[in-house]
>>> print(open('coords.cif').read())   # mmCIF, C-alpha atoms
data_entry
#
loop_
_atom_site.label_atom_id
_atom_site.label_comp_id
_atom_site.auth_asym_id
_atom_site.auth_seq_id
_atom_site.Cartn_x
_atom_site.Cartn_y
_atom_site.Cartn_z
CA MET J 1 64.06 -137.04 9.24
CA SER J 2 67.54 -138.17 10.25
CA ILE J 3 69.26 -140.85 8.18
CA THR J 4 70.98 -142.72 10.98
CA PHE J 5 71.69 -146.18 12.34
CA GLU J 6 68.69 -148.49 12.30
CA ASP J 7 68.02 -150.45 15.48
CA GLY J 8 66.96 -153.54 13.55
CA ILE J 9 70.47 -154.00 12.21
CA GLU J 10 72.11 -154.10 15.63
CA SER J 11 71.54 -157.84 15.99
CA GLN J 12 73.60 -158.36 12.83
CA LYS J 13 76.77 -157.13 14.57
CA ALA J 14 76.25 -153.68 13.06
CA ALA J 15 76.26 -155.22 9.57
CA TRP J 16 80.04 -155.08 9.31
CA GLY J 17 79.89 -157.78 6.68
CA ALA J 18 77.95 -155.33 4.51
CA VAL J 19 80.56 -152.64 5.11
CA PHE J 20 83.30 -155.06 4.02
CA SER J 21 81.33 -155.94 0.90
CA MET J 22 81.09 -152.23 0.06
CA THR J 23 84.83 -151.90 0.64
CA LEU J 24 85.47 -154.63 -1.93
CA CYS J 25 83.26 -152.73 -4.37
CA VAL J 26 85.26 -149.54 -3.69
CA PHE J 27 88.47 -151.44 -4.43
CA VAL J 28 87.15 -152.60 -7.82
CA LEU J 29 85.71 -149.17 -8.67
CA ILE J 30 88.97 -147.33 -8.03
CA ALA J 31 91.09 -150.01 -9.71
CA SER J 32 88.84 -149.82 -12.78
CA GLU J 33 88.93 -146.02 -12.82
CA PHE J 34 92.72 -145.67 -12.76
CA MET J 35 93.86 -148.81 -14.59
CA PRO J 36 93.87 -147.08 -18.03
CA VAL J 37 96.66 -144.75 -16.79
CA SER J 38 99.22 -147.51 -17.37
CA LEU J 39 97.51 -149.01 -20.46
CA LEU J 40 97.03 -146.01 -22.75
CA THR J 41 99.61 -147.13 -25.31
CA PRO J 42 98.30 -150.70 -25.82
CA ILE J 43 94.67 -149.45 -25.81
CA ALA J 44 95.51 -146.88 -28.50
CA SER J 45 97.34 -149.50 -30.54
CA GLY J 46 94.58 -152.09 -30.18
CA LEU J 47 91.80 -149.73 -31.27
CA SER J 48 93.85 -147.76 -33.83
CA ILE J 49 93.41 -144.43 -32.03
CA SER J 50 95.78 -141.85 -30.57
CA GLU J 51 96.97 -141.98 -26.96
CA GLY J 52 95.18 -138.67 -26.41
CA GLN J 53 91.90 -140.27 -27.46
CA ALA J 54 92.61 -143.24 -25.20
CA GLY J 55 93.19 -140.81 -22.34
CA GLN J 56 89.65 -139.50 -22.75
CA ALA J 57 88.48 -142.88 -21.45
CA ILE J 58 89.58 -141.62 -18.04
CA SER J 59 87.96 -138.20 -18.44
CA ILE J 60 84.56 -139.51 -19.54
CA SER J 61 84.16 -141.64 -16.41
CA GLY J 62 84.77 -138.51 -14.31
CA VAL J 63 82.20 -136.51 -16.26
CA PHE J 64 79.51 -139.15 -15.81
CA ALA J 65 80.45 -139.53 -12.14
CA VAL J 66 79.76 -135.81 -11.58
CA ILE J 67 76.40 -135.92 -13.41
CA THR J 68 75.30 -139.06 -11.56
CA SER J 69 76.33 -137.74 -8.15
CA LEU J 70 74.16 -134.66 -8.60
CA PHE J 71 71.00 -136.54 -9.58
CA ILE J 72 71.21 -140.06 -8.11
CA SER J 73 69.25 -139.07 -5.00
CA THR J 74 66.38 -137.82 -7.17
CA PHE J 75 66.22 -140.90 -9.39
CA ALA J 76 66.59 -143.36 -6.49
CA SER J 77 64.44 -141.46 -3.97
CA ARG J 78 61.88 -144.27 -3.59
CA LEU J 79 64.12 -147.31 -4.06
CA ASP J 80 65.46 -149.67 -1.42
CA ARG J 81 69.13 -148.68 -0.99
CA ARG J 82 70.09 -152.37 -1.09
CA ILE J 83 68.71 -152.59 -4.64
CA VAL J 84 70.51 -149.38 -5.60
CA VAL J 85 73.90 -150.67 -4.39
CA LEU J 86 73.41 -154.02 -6.12
CA GLY J 87 72.41 -152.21 -9.32
CA LEU J 88 75.44 -149.90 -9.24
CA THR J 89 77.76 -152.86 -8.66
CA ALA J 90 76.09 -154.67 -11.56
CA LEU J 91 76.84 -151.63 -13.75
CA LEU J 92 80.48 -151.90 -12.66
CA THR J 93 80.52 -155.50 -13.87
CA LEU J 94 78.80 -154.56 -17.14
CA SER J 95 81.37 -151.82 -17.71
CA GLY J 96 84.24 -154.29 -17.29
CA ILE J 97 82.67 -156.66 -19.83
CA ILE J 98 82.00 -153.91 -22.39
CA VAL J 99 85.52 -152.45 -22.11
CA THR J 100 87.11 -155.90 -22.35
CA PHE J 101 85.35 -156.81 -25.58
CA ALA J 102 84.99 -153.30 -27.08
CA PRO J 103 85.51 -153.65 -30.86
CA THR J 104 85.65 -149.89 -31.45
CA TYR J 105 86.51 -146.67 -29.64
CA PRO J 106 82.86 -145.53 -29.20
CA VAL J 107 81.99 -148.84 -27.51
CA LEU J 108 84.96 -148.42 -25.19
CA MET J 109 83.72 -144.94 -24.24
CA ILE J 110 80.23 -146.33 -23.53
CA GLY J 111 81.76 -148.85 -21.15
CA ARG J 112 83.75 -146.12 -19.39
CA ALA J 113 80.67 -143.87 -19.15
CA ILE J 114 78.79 -146.71 -17.42
CA LEU J 115 81.71 -146.98 -14.99
CA GLY J 116 81.33 -143.27 -14.24
CA ILE J 117 77.66 -143.80 -13.38
CA SER J 118 78.64 -146.56 -10.96
CA ILE J 119 81.39 -144.44 -9.38
CA GLY J 120 79.22 -141.34 -8.93
CA GLY J 121 76.21 -143.23 -7.62
CA PHE J 122 78.12 -145.47 -5.24
CA TRP J 123 80.24 -142.74 -3.64
CA SER J 124 77.26 -140.39 -3.36
CA MET J 125 75.26 -142.88 -1.30
CA SER J 126 78.08 -144.60 0.57
CA THR J 127 78.15 -142.31 3.63
CA ALA J 128 74.36 -142.33 4.04
CA ILE J 129 74.27 -146.13 3.73
CA VAL J 130 77.13 -146.58 6.21
CA MET J 131 75.21 -144.37 8.66
CA ARG J 132 72.34 -146.85 8.50
CA LEU J 133 74.55 -149.91 8.86
CA VAL J 134 76.64 -149.00 11.91
CA SER J 135 76.11 -146.99 15.07
CA GLU J 136 77.14 -143.33 15.23
CA SER J 137 80.32 -144.10 17.16
CA GLN J 138 81.38 -146.59 14.47
CA VAL J 139 80.81 -144.35 11.43
CA PRO J 140 84.40 -142.95 11.29
CA ALA J 141 85.85 -146.48 11.47
CA ALA J 142 83.50 -147.71 8.72
CA LEU J 143 84.34 -144.74 6.47
CA ALA J 144 88.03 -145.35 7.15
CA LEU J 145 87.58 -148.93 5.98
CA LEU J 146 86.01 -147.77 2.70
CA ASN J 147 88.85 -145.32 2.12
CA ALA J 148 91.44 -147.98 2.92
CA GLY J 149 90.05 -149.94 -0.04
CA ASN J 150 90.32 -146.73 -2.05
CA ALA J 151 93.96 -146.20 -1.02
CA ILE J 152 95.08 -149.74 -1.78
CA ALA J 153 93.34 -149.81 -5.16
CA ALA J 154 94.77 -146.42 -6.17
CA THR J 155 98.23 -147.69 -5.19
CA ILE J 156 98.27 -150.97 -7.08
CA SER J 157 95.99 -150.28 -10.06
CA ALA J 158 98.55 -148.56 -12.29
CA PRO J 159 101.52 -150.90 -11.67
CA ALA J 160 99.27 -153.97 -11.71
CA GLY J 161 97.66 -152.82 -14.94
CA SER J 162 101.05 -152.32 -16.53
CA LEU J 163 102.28 -155.75 -15.41
CA LEU J 164 99.11 -157.59 -16.41
CA GLY J 165 98.95 -155.76 -19.72
CA ALA J 166 102.42 -157.03 -20.58
CA TYR J 167 101.41 -160.66 -20.03
CA ILE J 168 97.71 -160.96 -20.85
CA GLY J 169 97.06 -157.77 -22.83
CA TRP J 170 94.99 -154.72 -21.91
CA ARG J 171 91.74 -156.56 -22.50
CA GLY J 172 92.77 -159.34 -20.14
CA ALA J 173 93.76 -156.77 -17.50
CA PHE J 174 90.32 -155.14 -17.67
CA PHE J 175 88.54 -158.49 -17.65
CA LEU J 176 90.11 -159.43 -14.31
CA VAL J 177 87.90 -156.88 -12.55
CA VAL J 178 84.79 -158.76 -13.69
CA PRO J 179 85.06 -161.82 -11.39
CA VAL J 180 86.01 -159.57 -8.45
CA SER J 181 82.97 -157.36 -9.05
CA LEU J 182 80.78 -160.47 -9.29
CA LEU J 183 82.16 -161.54 -5.92
CA ALA J 184 81.25 -158.10 -4.55
CA ILE J 185 77.68 -158.48 -5.85
CA LEU J 186 77.34 -161.89 -4.24
CA TRP J 187 78.73 -160.63 -0.93
CA GLN J 188 76.42 -157.61 -0.99
CA PHE J 189 73.43 -159.82 -1.82
CA ILE J 190 74.18 -161.97 1.24
CA SER J 191 75.22 -159.28 3.72
CA LEU J 192 73.34 -156.08 2.86
CA PRO J 193 70.06 -155.78 4.78
CA SER J 194 66.99 -154.16 3.30
CA LEU J 195 67.31 -150.37 3.52
CA PRO J 196 63.99 -148.99 2.27
CA ALA J 197 63.64 -145.33 1.36
CA ARG J 198 62.38 -143.41 4.36
CA ALA J 199 59.13 -141.52 4.23
CA GLY J 200 59.36 -137.82 4.91
CA GLN J 201 62.97 -137.41 3.75
CA ALA J 202 64.04 -133.97 2.64
CA SER J 203 64.10 -133.08 -1.03
CA PRO J 204 66.85 -134.96 -2.88
CA ASN J 205 67.81 -131.78 -4.78
CA VAL J 206 71.47 -131.27 -3.84
CA PHE J 207 71.65 -127.60 -4.83
CA ARG J 208 69.29 -126.47 -2.05
CA LEU J 209 72.05 -127.35 0.44
CA LEU J 210 74.07 -124.42 -0.85
CA ARG J 211 71.67 -122.11 0.98
CA ARG J 212 73.41 -123.12 4.22
CA PRO J 213 76.61 -121.17 5.04
CA PRO J 214 78.30 -124.16 6.77
CA VAL J 215 77.74 -126.28 3.65
CA ILE J 216 79.19 -123.60 1.36
CA ALA J 217 82.27 -123.27 3.59
CA GLY J 218 82.69 -127.04 3.91
CA MET J 219 82.37 -127.68 0.18
CA MET J 220 84.82 -124.88 -0.59
CA ALA J 221 87.32 -126.45 1.81
CA ILE J 222 86.82 -129.82 0.08
CA LEU J 223 87.25 -128.20 -3.36
CA LEU J 224 90.55 -126.57 -2.39
CA LEU J 225 91.77 -129.72 -0.63
CA PHE J 226 91.33 -132.01 -3.63
CA MET J 227 92.48 -129.42 -6.16
CA GLY J 228 95.66 -128.96 -4.14
CA GLN J 229 96.17 -132.67 -3.63
CA PHE J 230 95.85 -133.61 -7.31
CA ALA J 231 97.77 -130.61 -8.63
CA LEU J 232 100.77 -132.36 -7.07
CA PHE J 233 99.86 -136.04 -6.82
CA THR J 234 99.06 -136.40 -10.53
CA TYR J 235 102.64 -135.44 -11.42
CA LEU J 236 104.56 -137.32 -8.77
CA ARG J 237 105.94 -139.85 -11.22
CA PRO J 238 107.58 -137.35 -13.61
CA PHE J 239 108.82 -135.41 -10.56
CA LEU J 240 110.43 -138.52 -9.08
CA GLU J 241 111.95 -139.46 -12.45
CA GLN J 242 113.19 -136.04 -13.54
CA VAL J 243 114.01 -134.29 -10.24
CA THR J 244 114.75 -137.01 -7.69
CA HIS J 245 116.17 -139.28 -10.46
CA LEU J 246 114.71 -142.48 -9.06
CA GLY J 247 115.00 -145.68 -11.04
CA ILE J 248 111.81 -147.51 -11.94
CA GLU J 249 112.17 -150.07 -9.14
CA THR J 250 112.83 -147.48 -6.43
CA LEU J 251 110.05 -145.28 -7.81
CA SER J 252 107.53 -148.12 -7.80
CA PHE J 253 108.55 -149.11 -4.28
CA SER J 254 108.20 -145.51 -3.05
CA LEU J 255 104.70 -145.15 -4.52
CA LEU J 256 103.71 -148.52 -3.07
CA VAL J 257 104.88 -147.51 0.41
CA MET J 258 103.01 -144.21 0.04
CA GLY J 259 99.83 -146.13 -0.74
CA PHE J 260 100.16 -148.42 2.25
CA ALA J 261 100.90 -145.39 4.44
CA GLY J 262 97.57 -144.05 3.18
CA ALA J 263 95.82 -147.24 4.27
CA GLY J 264 97.43 -146.83 7.69
CA GLY J 265 96.31 -143.21 7.81
CA THR J 266 92.68 -144.16 7.28
CA TRP J 267 92.91 -146.57 10.22
CA MET J 268 94.52 -144.00 12.53
CA ILE J 269 92.13 -141.18 11.70
CA GLY J 270 89.13 -143.39 12.43
CA LYS J 271 90.30 -143.47 16.04
CA LEU J 272 90.81 -139.71 16.32
CA LEU J 273 87.73 -138.31 14.59
CA MET J 274 85.33 -139.01 17.44
CA HIS J 275 86.88 -136.21 19.50
CA ARG J 276 88.83 -133.89 17.19
CA LEU J 277 86.95 -133.56 13.93
CA PHE J 278 87.47 -129.92 12.95
CA SER J 279 91.01 -129.63 14.29
CA ILE J 280 91.93 -132.60 12.07
CA LEU J 281 90.22 -131.01 9.06
CA VAL J 282 92.29 -127.88 9.63
CA VAL J 283 95.61 -129.61 10.31
CA ILE J 284 95.64 -132.18 7.48
CA PRO J 285 95.76 -129.75 4.51
CA LEU J 286 98.19 -127.51 6.40
CA VAL J 287 100.60 -130.43 6.89
CA MET J 288 100.18 -131.41 3.23
CA ALA J 289 100.97 -127.83 2.17
CA GLY J 290 104.15 -128.05 4.24
CA LEU J 291 105.03 -131.36 2.56
CA ALA J 292 104.58 -129.79 -0.88
CA LEU J 293 107.03 -127.02 0.07
CA PHE J 294 109.36 -129.62 1.58
CA LEU J 295 109.43 -131.47 -1.75
CA ILE J 296 110.33 -128.22 -3.50
CA ALA J 297 113.24 -127.65 -1.11
CA PHE J 298 114.57 -131.22 -1.00
CA GLY J 299 113.28 -132.71 -4.25
CA ASP J 300 116.70 -133.88 -5.40
CA ARG J 301 117.41 -135.96 -2.25
CA GLU J 302 116.07 -139.47 -2.08
CA LEU J 303 115.62 -140.03 1.66
CA PRO J 304 113.84 -136.72 2.41
CA VAL J 305 111.57 -137.26 -0.61
CA PHE J 306 110.78 -140.80 0.52
CA ALA J 307 109.86 -139.52 3.99
CA ALA J 308 107.67 -136.80 2.45
CA LEU J 309 105.86 -139.35 0.30
CA VAL J 310 105.07 -141.46 3.36
CA GLY J 311 103.67 -138.36 5.07
CA TRP J 312 101.69 -137.41 1.97
CA GLY J 313 100.11 -140.86 1.82
CA LEU J 314 99.39 -140.86 5.55
CA PHE J 315 97.59 -137.50 5.58
CA GLY J 316 96.23 -137.32 2.03
CA THR J 317 94.20 -140.52 2.24
CA ALA J 318 92.93 -139.67 5.72
CA ALA J 319 91.41 -136.38 4.55
CA PRO J 320 88.34 -137.87 2.78
CA VAL J 321 87.53 -139.85 5.94
CA GLY J 322 87.46 -136.61 7.89
CA TRP J 323 85.11 -134.89 5.47
CA GLY J 324 82.93 -137.99 5.25
CA THR J 325 82.57 -137.87 9.03
CA TRP J 326 81.75 -134.16 8.82
CA LEU J 327 78.99 -135.02 6.36
CA SER J 328 77.60 -137.75 8.64
CA ARG J 329 77.41 -135.35 11.60
CA TYR J 330 76.38 -132.00 10.16
CA LEU J 331 74.24 -133.18 7.25
CA ALA J 332 72.71 -136.22 8.91
CA ASP J 333 69.22 -135.23 7.72
CA ASP J 334 70.45 -134.77 4.16
CA ALA J 335 73.24 -137.34 3.96
CA GLU J 336 72.31 -138.62 0.50
CA ALA J 337 71.94 -135.18 -1.08
CA GLY J 338 75.04 -134.02 0.79
CA GLY J 339 76.96 -137.05 -0.43
CA GLY J 340 75.98 -136.31 -4.02
CA LEU J 341 77.11 -132.69 -3.72
CA GLN J 342 80.36 -133.73 -2.05
CA VAL J 343 81.21 -136.28 -4.76
CA ALA J 344 80.47 -133.74 -7.51
CA VAL J 345 82.76 -131.20 -5.83
CA ILE J 346 85.54 -133.78 -5.39
CA GLN J 347 85.38 -134.96 -9.01
CA LEU J 348 85.42 -131.38 -10.30
CA ALA J 349 88.31 -130.54 -7.96
CA ILE J 350 90.36 -133.54 -9.13
CA THR J 351 89.83 -132.59 -12.78
CA ALA J 352 90.61 -128.90 -12.20
CA GLY J 353 93.64 -129.55 -9.99
CA ALA J 354 95.15 -132.07 -12.39
CA SER J 355 94.48 -129.87 -15.44
CA ILE J 356 95.84 -126.62 -14.00
CA GLY J 357 98.75 -128.39 -12.35
CA GLY J 358 99.58 -130.08 -15.66
CA LEU J 359 99.60 -126.79 -17.56
CA LEU J 360 101.95 -125.25 -15.00
CA PHE J 361 104.12 -128.38 -14.93
CA ASP J 362 104.59 -128.28 -18.72
CA ILE J 363 104.79 -124.54 -19.33
CA VAL J 364 106.37 -123.01 -16.20
CA GLY J 365 108.00 -125.99 -14.51
CA TRP J 366 107.34 -128.53 -11.78
CA ARG J 367 107.95 -126.07 -8.93
CA SER J 368 105.00 -123.92 -10.03
CA ALA J 369 102.63 -126.90 -9.83
CA PHE J 370 103.89 -127.75 -6.35
CA VAL J 371 103.59 -124.11 -5.20
CA LEU J 372 100.02 -124.07 -6.50
CA SER J 373 99.35 -127.27 -4.54
CA ALA J 374 100.71 -125.73 -1.33
CA ALA J 375 98.66 -122.55 -1.80
CA LEU J 376 95.42 -124.43 -2.45
CA LEU J 377 95.99 -126.75 0.53
CA ALA J 378 96.70 -123.81 2.82
CA GLY J 379 93.49 -122.23 1.53
CA SER J 380 91.61 -125.43 2.41
CA SER J 381 92.95 -125.23 5.95
CA LEU J 382 91.78 -121.62 6.32
CA THR J 383 88.39 -122.42 4.81
CA SER J 384 88.02 -125.33 7.24
CA ILE J 385 88.36 -122.82 10.07
CA VAL J 386 85.58 -120.77 8.47
CA ALA J 387 83.42 -123.91 8.22
CA TRP J 388 84.13 -124.63 11.89
CA HIS J 389 82.95 -121.18 12.96
CA THR J 390 79.87 -121.21 10.72
CA VAL J 391 78.79 -124.56 12.18
CA ARG J 392 79.20 -123.23 15.72
CA ARG J 393 77.27 -120.10 14.83
CA ALA J 394 74.44 -122.10 13.26
CA SER J 395 74.12 -124.51 16.20
#
>>> encode(input="coords.cif", output="structure tokens")
Amino acid sequence: MSITFEDGIESQKAAWGAVFSMTLCVFVLIASEFMPVSLLTPIASGLSISEGQAGQAISISGVFAVITSLFISTFASRLDRRIVVLGLTALLTLSGIIVTFAPTYPVLMIGRAILGISIGGFWSMSTAIVMRLVSESQVPAALALLNAGNAIAATISAPAGSLLGAYIGWRGAFFLVVPVSLLAILWQFISLPSLPARAGQASPNVFRLLRRPPVIAGMMAILLLFMGQFALFTYLRPFLEQVTHLGIETLSFSLLVMGFAGAGGTWMIGKLLMHRLFSILVVIPLVMAGLALFLIAFGDRELPVFAALVGWGLFGTAAPVGWGTWLSRYLADDAEAGGGLQVAVIQLAITAGASIGGLLFDIVGWRSAFVLSAALLAGSSLTSIVAWHTVRRAS
């Protein structure tokens, strides 16, 4: 049974209001996930813990996101998807409240674990839900919109958290996500149509998908892509400070421009994916690998580095849109299970890439982390070619 656009929604202008409401939720999710990056010191001070312990508040949300993404389809197999989205957004709000008023470290970690459940569940089902809200030709544009919210939130969350924390404290910074998430719930309640579970759907078990060679190749390409991306991206700030020698204002401006370039990239790729899906999936990581090597060669020059950061934002944020479109086309019958598997792979890749890249950055030097990034991204490009051929062979 294919999970695709439902004719009854067409009269609602393809439910674009619902897509926008999901984009707002994405914005709050990503902002909540990455805000602790710039607030570790005040969190540690406020709860009388070490900064290393405070940093685990980021890790635990990732762990619970992976677990949830693997099993959400099973637990929600008979539920109306509208109820599921509203419930996940409610958990996001609950997480913000718990973190804001957490009296102790364990309570803080509970709040962050709840956030991980919301992140994993929402991203796992987002592609399948978008496929039921808009027509097939509009899916890339809708996924691009979701990832634009992702790009903007990832760009402003750290600097905004730092600024807000200085004026209203870390608790006040976290509390600000609560009214925005409540607005998202209200918007979803008004705009999201009923999306009942469909009878006769395939098993929600995500692991059965690994029996298909195209899925194995596609997920391996995704794994290498995100490992390569975050082996470099995670350490851009120390690179820009220590190698390029940017001042804090220039550094912040450069990262902000990179984020907005990412938002532009998601808009551009939505136009291209209808006709050139696999060529884009091959080219994007190859270009990013070239940019990583470019940064190694010209890392001490401000203008070339600035240009490379714009390119990195443009292509790096567009990549998830491409793989989301791949999922909507080649796993249309298993979009929810496929989405869960994809999110689990991405979260594991981000953790592995950042961890390995960090070890190399500290022990061997920044160039080794950037070389690793280039190698992994080139591997993603080659694996995308394999995925392309396996899909053609299977069809």
>>> resolve_selection(input="coords.cif", expression="the PyMOL selection byres ((chain J and resi 230) around 8)", output="NGL selection string")
:J and (226-229 or 231-234 or 350 or 353-354 or 357 or 373)
>>> atom_distance(input="coords.cif", atom1="CA of Phe64 (chain J)", atom2="CA of Met109 (chain J)")
11.1 Å
>>> resolve_selection(input="coords.cif", expression="the PyMOL selection byres ((chain J and resi 54-63) around 7)", output="PyMOL selection string")
chain J and resi 33+36+40+43-44+49-53+64-67+109+112-113+115-116+347
>>> write_last_selection(input="coords.cif", atoms="C-alpha atoms", output="PDB file, in the frame of the given file")
ATOM      1  CA  GLU J  33      88.930-146.020 -12.820  1.00  0.00           C
ATOM      2  CA  PRO J  36      93.870-147.080 -18.030  1.00  0.00           C
ATOM      3  CA  LEU J  40      97.030-146.010 -22.750  1.00  0.00           C
ATOM      4  CA  ILE J  43      94.670-149.450 -25.810  1.00  0.00           C
ATOM      5  CA  ALA J  44      95.510-146.880 -28.500  1.00  0.00           C
ATOM      6  CA  ILE J  49      93.410-144.430 -32.030  1.00  0.00           C
ATOM      7  CA  SER J  50      95.780-141.850 -30.570  1.00  0.00           C
ATOM      8  CA  GLU J  51      96.970-141.980 -26.960  1.00  0.00           C
ATOM      9  CA  GLY J  52      95.180-138.670 -26.410  1.00  0.00           C
ATOM     10  CA  GLN J  53      91.900-140.270 -27.460  1.00  0.00           C
ATOM     11  CA  PHE J  64      79.510-139.150 -15.810  1.00  0.00           C
ATOM     12  CA  ALA J  65      80.450-139.530 -12.140  1.00  0.00           C
ATOM     13  CA  VAL J  66      79.760-135.810 -11.580  1.00  0.00           C
ATOM     14  CA  ILE J  67      76.400-135.920 -13.410  1.00  0.00           C
ATOM     15  CA  MET J 109      83.720-144.940 -24.240  1.00  0.00           C
ATOM     16  CA  ARG J 112      83.750-146.120 -19.390  1.00  0.00           C
ATOM     17  CA  ALA J 113      80.670-143.870 -19.150  1.00  0.00           C
ATOM     18  CA  LEU J 115      81.710-146.980 -14.990  1.00  0.00           C
ATOM     19  CA  GLY J 116      81.330-143.270 -14.240  1.00  0.00           C
ATOM     20  CA  GLN J 347      85.380-134.960  -9.010  1.00  0.00           C
TER      21      GLN J 347
END
>>> closest_residue(input="coords.cif", among="J:Pro106, J:Gly264, J:Gly340, J:Gly161", to="Ile72 (chain J)", atoms="only C-alpha atoms")
J:Gly340
>>> closest_residue(input="coords.cif", among="J:Gly87, J:Leu133, J:Trp16, J:Val391", to="Arg329 (chain J)", atoms="all atoms listed in the file")
J:Val391
>>> resolve_selection(input="coords.cif", expression="the PyMOL selection byres ((chain J and resi 246) around 12)", output="short mmCIF file (atom, residue, chain, number, x, y, z; two decimals) with C-alpha atoms, in the coordinates of the input")
data_model
loop_
_atom_site.label_atom_id
_atom_site.label_comp_id
_atom_site.auth_asym_id
_atom_site.auth_seq_id
_atom_site.Cartn_x
_atom_site.Cartn_y
_atom_site.Cartn_z
CA LEU J 236 104.56 -137.32 -8.77
CA ARG J 237 105.94 -139.85 -11.22
CA PRO J 238 107.58 -137.35 -13.61
CA PHE J 239 108.82 -135.41 -10.56
CA LEU J 240 110.43 -138.52 -9.08
CA GLU J 241 111.95 -139.46 -12.45
CA GLN J 242 113.19 -136.04 -13.54
CA VAL J 243 114.01 -134.29 -10.24
CA THR J 244 114.75 -137.01 -7.69
CA HIS J 245 116.17 -139.28 -10.46
CA GLY J 247 115.00 -145.68 -11.04
CA ILE J 248 111.81 -147.51 -11.94
CA GLU J 249 112.17 -150.07 -9.14
CA THR J 250 112.83 -147.48 -6.43
CA LEU J 251 110.05 -145.28 -7.81
CA SER J 252 107.53 -148.12 -7.80
CA PHE J 253 108.55 -149.11 -4.28
CA SER J 254 108.20 -145.51 -3.05
CA LEU J 255 104.70 -145.15 -4.52
CA GLY J 299 113.28 -132.71 -4.25
CA ASP J 300 116.70 -133.88 -5.40
CA ARG J 301 117.41 -135.96 -2.25
CA GLU J 302 116.07 -139.47 -2.08
CA LEU J 303 115.62 -140.03 1.66
CA VAL J 305 111.57 -137.26 -0.61
CA PHE J 306 110.78 -140.80 0.52
#
